[in-house]
file start.tsv (TSV, C-alpha atoms and all ligand atoms)
chain	number	residue	atom	x	y	z
Z	1	MET	CA	-17.54	23.34	-15.49
Z	2	GLY	CA	-20.62	21.78	-13.98
Z	3	THR	CA	-22.61	20.26	-16.84
Z	4	GLU	CA	-20.38	20.24	-19.92
Z	5	ALA	CA	-19.72	17.02	-21.79
Z	6	PHE	CA	-16.42	15.40	-20.92
Z	7	ILE	CA	-13.88	13.22	-22.69
Z	8	VAL	CA	-11.48	10.73	-21.18
Z	9	ARG	CA	-7.96	10.41	-22.56
Z	10	PRO	CA	-4.42	9.47	-21.49
Z	11	PHE	CA	-2.50	12.01	-19.40
Z	12	ARG	CA	-0.24	14.45	-21.29
Z	13	ALA	CA	2.61	16.49	-19.82
Z	14	GLY	CA	0.63	19.73	-20.28
Z	15	ASP	CA	-2.07	18.44	-17.90
Z	16	ALA	CA	0.13	18.81	-14.82
Z	17	ALA	CA	-1.39	22.01	-13.40
Z	18	GLY	CA	-4.97	20.82	-14.01
Z	19	VAL	CA	-4.28	17.46	-12.40
Z	20	ARG	CA	-2.74	19.15	-9.40
Z	21	SER	CA	-5.73	21.42	-8.95
Z	22	VAL	CA	-8.20	18.48	-9.02
Z	23	LEU	CA	-6.04	16.65	-6.47
Z	24	ALA	CA	-5.72	19.71	-4.23
Z	25	ALA	CA	-9.50	20.26	-4.32
Z	26	SER	CA	-10.12	16.60	-3.42
Z	27	TYR	CA	-7.38	15.76	-0.97
Z	28	GLY	CA	-6.26	19.20	0.29
Z	29	ALA	CA	-3.22	21.18	-0.75
Z	30	GLU	CA	-1.10	19.65	2.01
Z	31	ALA	CA	-1.69	16.15	0.64
Z	32	THR	CA	-0.87	17.25	-2.89
Z	33	PRO	CA	2.66	16.94	-4.18
Z	34	SER	CA	4.61	20.16	-4.51
Z	35	PRO	CA	4.27	22.12	-7.76
Z	36	THR	CA	7.84	21.26	-8.64
Z	37	TYR	CA	7.21	17.55	-8.37
Z	38	ASP	CA	5.30	15.64	-11.03
Z	39	TRP	CA	4.36	12.65	-8.92
Z	40	TRP	CA	2.79	10.74	-11.77
Z	41	SER	CA	6.13	10.66	-13.53
Z	42	PHE	CA	7.49	9.00	-10.42
Z	43	GLY	CA	7.27	5.82	-12.43
Z	44	CYS	CA	8.92	2.54	-11.66
Z	45	SER	CA	11.10	1.65	-14.63
Z	46	THR	CA	9.57	-1.83	-14.67
Z	47	ALA	CA	6.00	-0.47	-14.77
Z	48	ILE	CA	3.91	0.91	-17.64
Z	49	SER	CA	1.88	4.00	-16.88
Z	50	GLY	CA	-1.77	4.23	-17.94
Z	51	PHE	CA	-2.74	7.51	-16.28
Z	52	MET	CA	-6.16	8.66	-17.52
Z	53	VAL	CA	-7.67	12.13	-17.22
Z	54	ALA	CA	-11.15	13.51	-17.92
Z	55	GLU	CA	-11.39	16.85	-19.66
Z	56	ALA	CA	-14.48	19.10	-19.61
Z	57	ALA	CA	-14.66	22.57	-21.18
Z	58	GLY	CA	-10.91	22.45	-21.80
Z	59	ARG	CA	-10.07	21.81	-18.15
Z	60	ILE	CA	-9.06	18.72	-16.22
Z	61	ALA	CA	-12.16	17.46	-14.40
Z	62	GLY	CA	-10.97	14.09	-13.13
Z	63	VAL	CA	-7.85	11.95	-12.76
Z	64	GLN	CA	-7.17	8.24	-12.42
Z	65	PRO	CA	-3.53	7.19	-12.16
Z	66	MET	CA	-2.76	3.59	-13.15
Z	67	GLU	CA	0.49	1.63	-13.27
Z	68	ILE	CA	0.91	-1.83	-14.76
Z	69	PHE	CA	3.41	-3.77	-12.67
Z	70	PRO	CA	5.07	-7.17	-12.85
Z	71	PHE	CA	3.29	-9.58	-10.46
Z	72	ALA	CA	4.01	-13.15	-9.37
Z	73	ASP	CA	1.93	-16.00	-8.08
Z	74	GLY	CA	3.37	-19.37	-7.08
Z	75	GLY	CA	6.50	-18.83	-9.15
Z	76	LYS	CA	4.54	-17.71	-12.26
Z	77	HIS	CA	5.13	-14.23	-13.62
Z	78	LEU	CA	2.30	-12.03	-14.89
Z	79	THR	CA	1.31	-8.38	-15.04
Z	80	GLY	CA	-1.42	-6.61	-13.09
Z	81	ALA	CA	-2.68	-3.04	-13.02
Z	82	LEU	CA	-2.89	-0.89	-9.92
Z	83	LEU	CA	-5.21	2.12	-9.69
Z	84	THR	CA	-4.33	4.82	-7.17
Z	85	GLY	CA	-5.84	8.12	-5.99
Z	86	VAL	CA	-8.88	8.68	-8.24
Z	87	ALA	CA	-10.33	12.18	-7.94
Z	88	VAL	CA	-13.08	14.12	-9.70
Z	89	HIS	CA	-13.46	17.88	-9.43
Z	90	LEU	CA	-16.08	18.87	-6.83
Z	91	ASP	CA	-18.24	20.60	-9.45
Z	92	CYS	CA	-18.31	17.55	-11.72
Z	93	ARG	CA	-19.21	14.70	-9.42
Z	94	ARG	CA	-22.04	12.19	-9.95
Z	95	ARG	CA	-21.90	12.56	-13.71
Z	96	GLY	CA	-20.13	9.28	-14.39
Z	97	ILE	CA	-16.62	10.75	-14.78
Z	98	PHE	CA	-15.06	8.36	-12.29
Z	99	SER	CA	-16.80	5.40	-13.96
Z	100	ALA	CA	-15.57	6.52	-17.38
Z	101	LEU	CA	-12.00	6.99	-16.12
Z	102	VAL	CA	-11.93	3.53	-14.62
Z	103	GLN	CA	-13.37	1.99	-17.81
Z	104	ALA	CA	-10.66	3.68	-19.88
Z	105	CYS	CA	-8.02	2.30	-17.51
Z	106	GLU	CA	-9.51	-1.18	-17.87
Z	107	GLN	CA	-9.35	-1.00	-21.65
Z	108	GLU	CA	-5.72	0.06	-21.45
Z	109	ALA	CA	-4.90	-2.63	-18.88
Z	110	TRP	CA	-6.46	-5.40	-21.02
Z	111	ARG	CA	-4.68	-4.01	-24.08
Z	112	GLN	CA	-1.43	-4.40	-22.15
Z	113	ASN	CA	-2.48	-7.97	-21.28
Z	114	ALA	CA	-2.77	-7.32	-17.54
Z	115	ALA	CA	-4.42	-10.24	-15.75
Z	116	PHE	CA	-6.39	-7.96	-13.44
Z	117	ILE	CA	-6.88	-4.44	-12.13
Z	118	THR	CA	-6.76	-3.93	-8.41
Z	119	THR	CA	-7.12	-0.95	-6.13
Z	120	MET	CA	-7.45	-0.05	-2.47
Z	121	PRO	CA	-10.52	2.17	-2.41
Z	122	ASN	CA	-11.69	4.39	0.41
Z	123	GLU	CA	-15.29	4.80	1.56
Z	124	LYS	CA	-15.93	7.36	-1.20
Z	125	SER	CA	-14.76	5.36	-4.20
Z	126	ARG	CA	-15.65	1.84	-3.01
Z	127	PRO	CA	-19.39	2.10	-3.83
Z	128	GLY	CA	-18.50	3.08	-7.40
Z	129	PHE	CA	-16.14	0.12	-7.86
Z	130	LEU	CA	-18.71	-2.28	-6.46
Z	131	LYS	CA	-21.44	-0.79	-8.66
Z	132	ALA	CA	-19.14	-1.28	-11.67
Z	133	GLY	CA	-18.95	-4.98	-10.79
Z	134	TYR	CA	-15.52	-5.14	-9.14
Z	135	THR	CA	-14.97	-8.12	-6.83
Z	136	ASP	CA	-14.89	-7.12	-3.19
Z	137	LEU	CA	-11.78	-9.01	-2.06
Z	138	GLY	CA	-12.32	-8.09	1.58
Z	139	ARG	CA	-10.41	-6.06	4.11
Z	140	ARG	CA	-6.74	-6.18	4.91
Z	141	GLN	CA	-5.92	-6.73	8.55
Z	142	LEU	CA	-4.55	-3.89	10.65
Z	143	LEU	CA	-2.10	-5.11	13.27
Z	144	VAL	CA	-0.58	-2.96	15.98
Z	145	ARG	CA	2.24	-3.46	18.38
Z	146	PRO	CA	2.24	-0.67	20.97
Z	147	LEU	CA	5.65	0.45	22.15
Z	148	GLN	CA	4.60	2.75	24.97
Z	149	PRO	CA	1.27	1.27	26.04
Z	150	ALA	CA	0.64	3.64	28.94
Z	151	ALA	CA	1.14	6.80	26.86
Z	152	LEU	CA	-0.82	5.40	23.94
Z	153	GLY	CA	-3.72	4.31	26.14
Z	154	GLY	CA	-4.07	7.74	27.65
Z	155	LYS	CA	-4.38	9.34	24.24
Z	156	LEU	CA	-6.55	7.78	21.62
Z	157	PHE	CA	-7.44	4.22	22.41
Z	158	PRO	CA	-7.75	3.29	26.05
Z	159	VAL	CA	-8.71	-0.17	24.85
Z	160	LEU	CA	-5.61	-0.51	22.69
Z	161	GLY	CA	-3.45	0.70	25.55
Z	162	HIS	CA	-5.05	-1.77	27.93
Z	163	LEU	CA	-4.64	-4.72	25.63
Z	164	ALA	CA	-1.11	-3.68	24.84
Z	165	GLY	CA	-0.30	-3.62	28.53
Z	166	ALA	CA	-1.70	-7.11	28.87
Z	167	ALA	CA	0.37	-8.33	25.94
Z	168	GLY	CA	3.44	-6.89	27.68
Z	169	GLY	CA	7.05	-8.00	27.25
Z	170	VAL	CA	8.14	-5.97	24.23
Z	171	ALA	CA	11.27	-7.68	22.94
Z	172	GLN	CA	14.53	-5.79	23.03
Z	173	ALA	CA	17.12	-5.50	20.32
Z	174	VAL	CA	19.46	-2.70	19.38
Z	175	ILE	CA	20.03	-1.46	15.87
Z	176	LYS	CA	23.76	-1.75	15.85
Z	177	ASN	CA	25.96	-4.52	14.60
Z	178	ILE	CA	25.05	-6.75	17.47
Z	179	ARG	CA	23.72	-10.25	17.58
Z	180	VAL	CA	20.10	-10.73	18.36
Z	181	THR	CA	18.33	-14.06	18.69
Z	182	ASN	CA	18.85	-16.92	16.23
Z	183	GLY	CA	22.44	-15.82	15.65
Z	184	LEU	CA	21.27	-12.95	13.45
Z	185	THR	CA	22.94	-9.58	13.12
Z	186	VAL	CA	20.56	-6.74	12.34
Z	187	ARG	CA	21.63	-3.37	10.97
Z	188	LYS	CA	20.25	-0.33	9.21
Z	189	ILE	CA	21.01	-0.21	5.50
Z	190	SER	CA	20.95	2.48	2.84
Z	191	ASP	CA	21.01	0.27	-0.25
Z	192	ILE	CA	19.28	-2.89	-1.39
Z	193	ALA	CA	21.61	-5.89	-1.75
Z	194	PRO	CA	21.14	-7.88	-5.00
Z	195	GLU	CA	20.65	-11.04	-2.86
Z	196	ILE	CA	17.31	-9.56	-1.81
Z	197	GLU	CA	15.67	-11.30	-4.78
Z	198	MET	CA	16.66	-14.73	-3.45
Z	199	LEU	CA	15.34	-13.77	-0.05
Z	200	ALA	CA	12.10	-12.48	-1.61
Z	201	ALA	CA	11.69	-15.77	-3.49
Z	202	ARG	CA	12.17	-17.77	-0.29
Z	203	HIS	CA	9.77	-15.43	1.51
Z	204	GLU	CA	7.21	-16.02	-1.24
Z	205	GLN	CA	7.33	-19.76	-0.60
Z	206	LEU	CA	6.74	-19.21	3.12
Z	207	PHE	CA	4.05	-16.56	2.58
Z	208	PRO	CA	2.32	-17.45	-0.69
Z	209	GLY	CA	-0.16	-15.31	-2.58
Z	210	LEU	CA	-0.58	-13.19	-5.69
Z	211	ARG	CA	1.82	-10.27	-5.26
Z	212	MET	CA	3.50	-7.34	-6.88
Z	213	ARG	CA	7.01	-8.60	-7.67
Z	214	ARG	CA	9.55	-7.36	-5.17
Z	215	SER	CA	12.58	-7.20	-7.47
Z	216	ALA	CA	15.69	-5.36	-6.26
Z	217	GLU	CA	14.83	-2.66	-8.80
Z	218	TRP	CA	11.26	-2.32	-7.53
Z	219	LEU	CA	12.45	-2.15	-3.90
Z	220	ARG	CA	14.97	0.56	-4.77
Z	221	TRP	CA	12.29	2.56	-6.56
Z	222	ARG	CA	9.77	2.09	-3.78
Z	223	PHE	CA	11.99	2.76	-0.78
Z	224	LEU	CA	15.12	4.62	-1.88
Z	225	GLU	CA	13.99	6.86	-4.71
Z	226	SER	CA	10.77	8.23	-3.25
Z	227	PRO	CA	10.82	12.01	-3.09
Z	228	LEU	CA	7.66	11.87	-0.99
Z	229	ARG	CA	8.75	10.10	2.14
Z	230	LYS	CA	11.71	8.66	4.04
Z	231	TYR	CA	11.89	4.91	4.63
Z	232	HIS	CA	13.97	3.09	7.21
Z	233	LEU	CA	15.47	-0.14	5.94
Z	234	ILE	CA	16.99	-2.89	8.07
Z	235	GLU	CA	18.48	-6.24	7.17
Z	236	ALA	CA	19.37	-9.34	9.14
Z	237	ARG	CA	22.34	-11.58	8.32
Z	238	ASP	CA	23.12	-15.01	9.71
Z	239	ALA	CA	26.38	-16.12	11.27
Z	240	LYS	CA	27.83	-16.82	7.80
Z	241	GLY	CA	26.89	-13.34	6.59
Z	242	ALA	CA	24.03	-14.51	4.36
Z	243	LEU	CA	20.99	-12.25	4.04
Z	244	ALA	CA	18.26	-13.69	6.30
Z	245	GLY	CA	15.75	-10.87	6.64
Z	246	PHE	CA	14.73	-7.42	5.41
Z	247	ALA	CA	12.23	-4.89	6.69
Z	248	ALA	CA	11.13	-1.46	5.45
Z	249	ALA	CA	9.23	1.03	7.61
Z	250	THR	CA	8.21	4.66	7.67
Z	251	MET	CA	7.28	7.01	10.50
Z	252	ASP	CA	4.01	8.87	10.36
Z	253	ASP	CA	2.75	11.59	12.66
Z	254	ARG	CA	-0.92	10.84	13.13
Z	255	GLU	CA	-3.32	13.24	14.81
Z	256	LYS	CA	-2.44	12.19	18.30
Z	257	PHE	CA	0.61	10.00	18.11
Z	258	LYS	CA	3.54	8.90	15.99
Z	259	VAL	CA	3.24	5.52	14.32
Z	260	CYS	CA	5.91	3.43	12.64
Z	261	TYR	CA	4.34	1.65	9.65
Z	262	LEU	CA	5.84	-1.66	8.62
Z	263	MET	CA	5.87	-1.44	4.84
Z	264	ASP	CA	7.43	-4.79	3.93
Z	265	LEU	CA	9.08	-7.72	5.64
Z	266	PHE	CA	11.02	-10.62	4.09
Z	267	VAL	CA	12.46	-13.54	5.99
Z	268	GLY	CA	14.17	-16.71	4.83
Z	269	GLU	CA	12.81	-18.64	7.82
Z	270	LYS	CA	9.64	-17.84	9.74
Z	271	CYS	CA	11.53	-18.12	13.02
Z	272	HIS	CA	13.65	-15.11	12.02
Z	273	ALA	CA	10.65	-12.76	11.92
Z	274	ALA	CA	10.48	-12.13	15.68
Z	275	ALA	CA	14.12	-11.00	15.90
Z	276	LEU	CA	13.79	-8.73	12.89
Z	277	LEU	CA	10.57	-7.22	14.23
Z	278	ALA	CA	12.10	-6.73	17.67
Z	279	ALA	CA	14.89	-4.76	16.01
Z	280	LEU	CA	12.33	-2.74	14.09
Z	281	CYS	CA	10.49	-1.94	17.33
Z	282	GLU	CA	13.72	-0.68	18.82
Z	283	LEU	CA	14.31	1.55	15.81
Z	284	ALA	CA	10.74	2.85	16.11
Z	285	ARG	CA	11.20	3.53	19.80
Z	286	ASN	CA	14.38	5.47	19.04
Z	287	GLU	CA	12.34	7.52	16.57
Z	288	LYS	CA	9.82	8.23	19.39
Z	289	ALA	CA	7.06	6.21	17.77
Z	290	GLU	CA	4.37	4.95	20.11
Z	291	ALA	CA	3.33	1.94	18.06
Z	292	VAL	CA	4.34	-0.16	15.08
Z	293	ALA	CA	1.47	-0.92	12.72
Z	294	ALA	CA	1.11	-3.21	9.73
Z	295	VAL	CA	-1.69	-3.73	7.21
Z	296	VAL	CA	-1.51	-7.08	5.46
Z	297	SER	CA	-3.66	-9.55	3.56
Z	298	SER	CA	-1.72	-12.81	3.87
Z	299	PRO	CA	-3.07	-15.15	6.57
Z	300	ALA	CA	0.43	-16.59	7.05
Z	301	LEU	CA	1.88	-13.12	7.62
Z	302	ILE	CA	-0.95	-12.16	9.99
Z	303	ASP	CA	-0.10	-15.29	11.96
Z	304	THR	CA	3.63	-14.53	12.03
Z	305	LEU	CA	3.07	-10.93	13.11
Z	306	SER	CA	0.68	-11.93	15.87
Z	307	HIS	CA	3.24	-14.46	17.14
Z	308	ALA	CA	5.77	-11.61	17.22
Z	309	GLY	CA	3.62	-9.55	19.60
Z	310	PHE	CA	1.40	-7.67	17.14
Z	311	TRP	CA	-2.27	-7.92	17.83
Z	312	LEU	CA	-5.11	-7.88	15.42
Z	313	VAL	CA	-7.18	-4.72	15.58
Z	314	PRO	CA	-10.85	-5.76	15.48
Z	315	TYR	CA	-12.65	-4.78	12.27
Z	316	TRP	CA	-15.45	-3.10	14.22
Z	317	LEU	CA	-13.23	-0.39	15.74
Z	318	PRO	CA	-13.91	3.02	14.15
Z	319	LEU	CA	-10.57	3.22	12.33
Z	320	LYS	CA	-9.66	3.51	8.67
Z	321	LYS	CA	-10.85	0.47	6.75
Z	322	PHE	CA	-8.36	-1.11	4.36
Z	323	TYR	CA	-10.47	-2.39	1.46
Z	324	SER	CA	-9.23	-4.12	-1.67
Z	325	VAL	CA	-11.19	-4.70	-4.86
Z	326	ALA	CA	-10.24	-6.21	-8.20
Z	327	ARG	CA	-11.57	-6.89	-11.69
Z	328	PHE	CA	-10.19	-9.74	-13.73
Z	329	ASN	CA	-9.31	-9.66	-17.42
Z	330	PRO	CA	-12.38	-11.15	-19.16
Z	331	ASN	CA	-10.11	-12.78	-21.75
Z	332	ARG	CA	-8.04	-14.71	-19.23
Z	333	PRO	CA	-9.07	-17.26	-16.62
Z	334	ALA	CA	-8.70	-15.99	-13.03
Z	335	PRO	CA	-7.79	-18.69	-10.47
Z	336	ALA	CA	-10.32	-19.11	-7.65
Z	337	HIS	CA	-7.88	-18.00	-4.95
Z	338	TRP	CA	-7.65	-14.52	-6.54
Z	339	GLN	CA	-11.28	-13.86	-5.59
Z	340	LYS	CA	-10.46	-13.46	-1.88
Z	341	LEU	CA	-7.84	-11.32	-0.23
Z	342	ALA	CA	-6.42	-14.38	1.56
Z	343	GLY	CA	-5.09	-15.44	-1.85
Z	344	TRP	CA	-3.20	-12.16	-2.25
Z	345	TYR	CA	-0.04	-10.94	-0.65
Z	346	GLN	CA	-0.49	-7.23	-0.02
Z	347	THR	CA	1.37	-5.03	2.43
Z	348	LEU	CA	1.52	-1.27	2.86
Z	349	ALA	CA	4.29	-1.29	0.24
Z	350	ASP	CA	1.63	-1.94	-2.39
Z	351	TRP	CA	0.54	1.67	-1.97
Z	352	ASP	CA	-2.03	3.13	0.40
Z	353	ASN	CA	-0.45	6.58	0.24
Z	354	LEU	CA	2.51	5.63	2.40
Z	401	LIG	C1	-15.07	9.03	-5.42
Z	401	LIG	C2	-15.18	9.99	-6.62
Z	401	LIG	C3	-13.93	9.83	-7.47
Z	401	LIG	C4	-16.43	9.62	-7.44
Z	401	LIG	O1	-16.42	10.40	-8.64
Z	401	LIG	P1	-17.75	10.64	-9.52
Z	401	LIG	O2	-17.32	11.08	-10.87
Z	401	LIG	O3	-18.67	11.53	-8.76
Z	401	LIG	O4	-18.36	9.17	-9.59
Z	401	LIG	P2	-19.43	8.66	-10.69
Z	401	LIG	O5	-20.36	9.77	-11.06
Z	401	LIG	O6	-18.71	7.99	-11.81
Z	401	LIG	O7	-20.21	7.59	-9.82
Z	401	LIG	C5	-20.24	6.21	-10.12
Z	401	LIG	C6	-20.95	5.49	-9.00
Z	401	LIG	O8	-20.15	5.59	-7.82
Z	401	LIG	C7	-21.03	5.66	-6.68
Z	401	LIG	N1	-20.80	6.94	-6.00
Z	401	LIG	C8	-20.10	8.01	-6.46
Z	401	LIG	N2	-20.09	8.99	-5.54
Z	401	LIG	C9	-20.77	8.53	-4.48
Z	401	LIG	C10	-21.11	9.07	-3.22
Z	401	LIG	N3	-20.71	10.31	-2.86
Z	401	LIG	N4	-21.83	8.32	-2.38
Z	401	LIG	C11	-22.24	7.09	-2.71
Z	401	LIG	N5	-21.95	6.51	-3.91
Z	401	LIG	C12	-21.23	7.22	-4.77
Z	401	LIG	C13	-22.44	5.57	-7.22
Z	401	LIG	O9	-22.78	4.20	-7.25
Z	401	LIG	C14	-22.27	6.12	-8.61
Z	401	LIG	O10	-23.25	5.70	-9.49
Z	401	LIG	P3	-24.65	6.57	-9.57
Z	401	LIG	O11	-24.28	8.01	-9.64
Z	401	LIG	O12	-25.29	6.04	-10.81
Z	401	LIG	O13	-25.38	6.22	-8.31
Z	401	LIG	C15	-15.32	11.46	-6.14
Z	401	LIG	O14	-16.36	11.52	-5.19
Z	401	LIG	C16	-14.08	12.04	-5.51
Z	401	LIG	O15	-13.20	12.57	-6.20
Z	401	LIG	N6	-13.97	11.97	-4.17
Z	401	LIG	C17	-12.82	12.54	-3.43
Z	401	LIG	C18	-11.52	11.83	-3.70
Z	401	LIG	C19	-11.48	10.44	-3.15
Z	401	LIG	O16	-11.73	10.19	-1.97
Z	401	LIG	N7	-11.13	9.47	-4.03
Z	401	LIG	C20	-11.02	8.08	-3.69
Z	401	LIG	C21	-9.61	7.72	-3.41
Z	401	LIG	S1	-9.40	5.99	-3.16
call {"tool": "encode", "arguments": {"input": "start.tsv", "output": "C-alpha cells"}}
result
Amino acid sequence: MGTEAFIVRPFRAGDAAGVRSVLAASYGAEATPSPTYDWWSFGCSTAISGFMVAEAAGRIAGVQPMEIFPFADGGKHLTGALLTGVAVHLDCRRRGIFSALVQACEQEAWRQNAAFITTMPNEKSRPGFLKAGYTDLGRRQLLVRPLQPAALGGKLFPVLGHLAGAAGGVAQAVIKNIRVTNGLTVRKISDIAPEIEMLAARHEQLFPGLRMRRSAEWLRWRFLESPLRKYHLIEARDAKGALAGFAAATMDDREKFKVCYLMDLFVGEKCHAAALLAALCELARNEKAEAVAAVVSSPALIDTLSHAGFWLVPYWLPLKKFYSVARFNPNRPAPAHWQKLAGWYQTLADWDNL
C-alpha cells in the first residue's frame, strides 16, 4: 500500500486488527497489546476518545489515539487532549499521514472545546510536531535514587553508581503498619480512598501547574483497572488517621536492571514527602529494584524529590529524552505559563507507556 491515496477518519470497532498490525510493525509484537485486548477501548470514563486512523487501499495505514481529559490549573477546571502512540505503517511513511492524523485530532479536540493538545513525542515523531508548529515545552526531568549503588554502578552507569554512593544514606522505612518519621503510618493499599481528592487538591496548591485532574475515578482507572501493568500503591496517614500522602509506582525490568518508576506522589505537607519516598524505596528494595526513578515537569516537585535523596540526571547523558509539546486552541487564550513545561504538572502517570 505504498502510494495509494489515504483518508483519515475516526476509529471504528472493525479496525482493531489493522490497528494492531500497524502498531506491531512500528513498536514490535511484544510491545503490542494482546489480540484479546482492545487497548484503545481502555477508556477512562471521564475522558472522550478521539482515536483517528488513516486508511489506504482499504487497509489501516496509520493510527493516532487521542483522549480528551479533564484538566485543572490553579483551581480552574478545563479540558485538554492527550495524543499517545502515533504510528504509520512502514510502507506509507513520509507521505503526510502522520500530519493528517494529527490535524484530524486537532479538529476533533477544538470541536470538543479542549484548551490544548499535548503529547510526549519520541525522537521520531518530535520533528513532525515541531514542523507542524507545536510549541516545544521542553524536557521533563529524570530523577534517580539508586538503591543498590554498588551493583548499579557495575552494570550500566558507573557514573550514576559513583554519585549514588556519594549521596549515600538511603532512608529506611518498612511497609507495614509502623510509624515512620513525622508521626506518619505508611501502608500498601489496594483501593483509592475517596479522601484522595482532598489530598490531591492540597497537593496542587503545594505543587502548582496545569495538570490532568487526579480525581478518585481517574486514579482508579489509571492504577487499579489497567490490564497492561501492575501498580503498587501506598498511603500515609497521620496520627489522627487522616490521609497525608499517596504514592503510585510500577516495577520495570530494563535491559540491565530493574527500576521502580514513581508514577505519582501526593502529599498534604511538603515535609511528608521524604517519609513517603523512604517507604517507597523500601518497597522497591523488597521487589529487588536497583533504583527508583521519576520523570517530572514541576520545579517544586523536582526540588522536593532532590531533597528526598533523588538526584537530577543530567540532560546530556545518552538516555531516553522526555520531551513534551503542545498546541493551544486558536479560539481560546492560552496563559503564558502554559508555554513552558515549568508551568505544567506532569508525572509518569500522564502516560509515557508506563
Ligand atoms: C513518526 C511517524 C509516525 C511519522 O509518520 P509519517 O507519516 O512518515 O510522517 P509525515 O509524512 O506526516 O511527516 C511529517 C513531518 O514529520 C517529520 N518527519 C517524519 N518522519 C521523519 C523522520 N524519519 N526523520 C525526520 N523527520 C521526520 C518531517 O518534518 C515530515 O515532514 P516532511 O516529510 O515534509 O519533511 C512514523 O515514522 C512512525 O510510525 N514511526 C514509528 C513509531 C513511533 O516511533 N511513533 C512515535 C511515538 S511517540
call {"tool": "residues_near_ligand", "arguments": {"input": "start.tsv", "ligand": "ligand LIG 401 (chain Z)", "cutoff": "8 Å", "atoms": "only C-alpha atoms and all ligand atoms", "output": "JSON, numbers by chain"}}
result
{"Z": [23, 26, 27, 62, 84, 85, 86, 87, 88, 89, 90, 92, 93, 94, 95, 96, 97, 98, 99, 100, 119, 120, 121, 122, 123, 124, 125, 126, 127, 128, 129, 130, 131, 132]}
call {"tool": "closest_atom_pairs", "arguments": {"input": "start.tsv", "of": "segment 275-330 of chain Z", "to": "segment 204-210 of chain Z", "cutoff": "9 Å", "atoms": "all atoms listed in the file", "output": "JSON lines"}}
result
{"residue": "Z:Ser298", "atom": "CA", "partner": "Z:Phe207", "partner_atom": "CA", "distance": 7.0}
{"residue": "Z:Pro299", "atom": "CA", "partner": "Z:Phe207", "partner_atom": "CA", "distance": 8.3}
{"residue": "Z:Ala300", "atom": "CA", "partner": "Z:Phe207", "partner_atom": "CA", "distance": 5.8}
{"residue": "Z:Leu301", "atom": "CA", "partner": "Z:Phe207", "partner_atom": "CA", "distance": 6.5}
call {"tool": "atom_distance", "arguments": {"input": "start.tsv", "atom1": "atom CA of Leu265 of chain Z", "atom2": "atom CA of Ala247 of chain Z"}}
result
4.4 Å
call {"tool": "closest_residue", "arguments": {"input": "start.tsv", "among": "Z:Ala193, Z:Thr118, Z:Ala201, Z:Ala342", "to": "Arg213 of chain Z", "atoms": "all atoms listed in the file"}}
result
Z:Ala201
call {"tool": "closest_residue", "arguments": {"input": "start.tsv", "among": "Z:Asn113, Z:Ser297, Z:Gln103, Z:Asn329", "to": "Ala349 of chain Z", "atoms": "all atoms listed in the file"}}
result
Z:Ser297
call {"tool": "residues_around", "arguments": {"input": "start.tsv", "residues": "Val295 of chain Z", "least_positions_apart": "6", "cutoff": "6 Å", "atoms": "all atoms listed in the file", "output": "ChimeraX atom specification"}}
result
/Z:141-142,347-348
call {"tool": "closest_residue", "arguments": {"input": "start.tsv", "among": "Z:Thr135, Z:Asp264, Z:Ser21, Z:Leu243", "to": "Arg202 of chain Z", "atoms": "all atoms listed in the file"}}
result
Z:Leu243
call {"tool": "residues_around", "arguments": {"input": "start.tsv", "residues": "segment 47-58 of chain Z", "least_positions_apart": "5", "cutoff": "9 Å", "atoms": "all atoms listed in the file", "output": "JSON, numbers by chain"}}
result
{"Z": [1, 2, 3, 4, 5, 6, 7, 8, 9, 10, 11, 12, 15, 19, 40, 41, 63, 64, 65, 66, 67, 68, 69, 70, 81, 83, 88, 92, 97, 98, 100, 101, 102, 104, 105, 108, 109, 112]}
call {"tool": "closest_residue", "arguments": {"input": "start.tsv", "among": "Z:Ile192, Z:Ala275, Z:Leu78, Z:Ala239", "to": "Glu217 of chain Z", "atoms": "all atoms listed in the file"}}
result
Z:Ile192
call {"tool": "closest_residue", "arguments": {"input": "start.tsv", "among": "Z:Arg222, Z:His307, Z:Lys258, Z:Lys188", "to": "Ala293 of chain Z", "atoms": "only C-alpha atoms"}}
result
Z:Lys258
call {"tool": "atom_distance", "arguments": {"input": "start.tsv", "atom1": "atom CA of Glu235 of chain Z", "atom2": "atom CA of Leu276 of chain Z"}}
result
7.8 Å
call {"tool": "closest_residue", "arguments": {"input": "start.tsv", "among": "Z:Gly245, Z:Ala115, Z:Pro227, Z:Thr250", "to": "Pro335 of chain Z", "atoms": "all atoms listed in the file"}}
result
Z:Ala115
call {"tool": "atom_distance", "arguments": {"input": "start.tsv", "atom1": "atom CA of Arg140 of chain Z", "atom2": "atom CA of Gln346 of chain Z"}}
result
8.0 Å
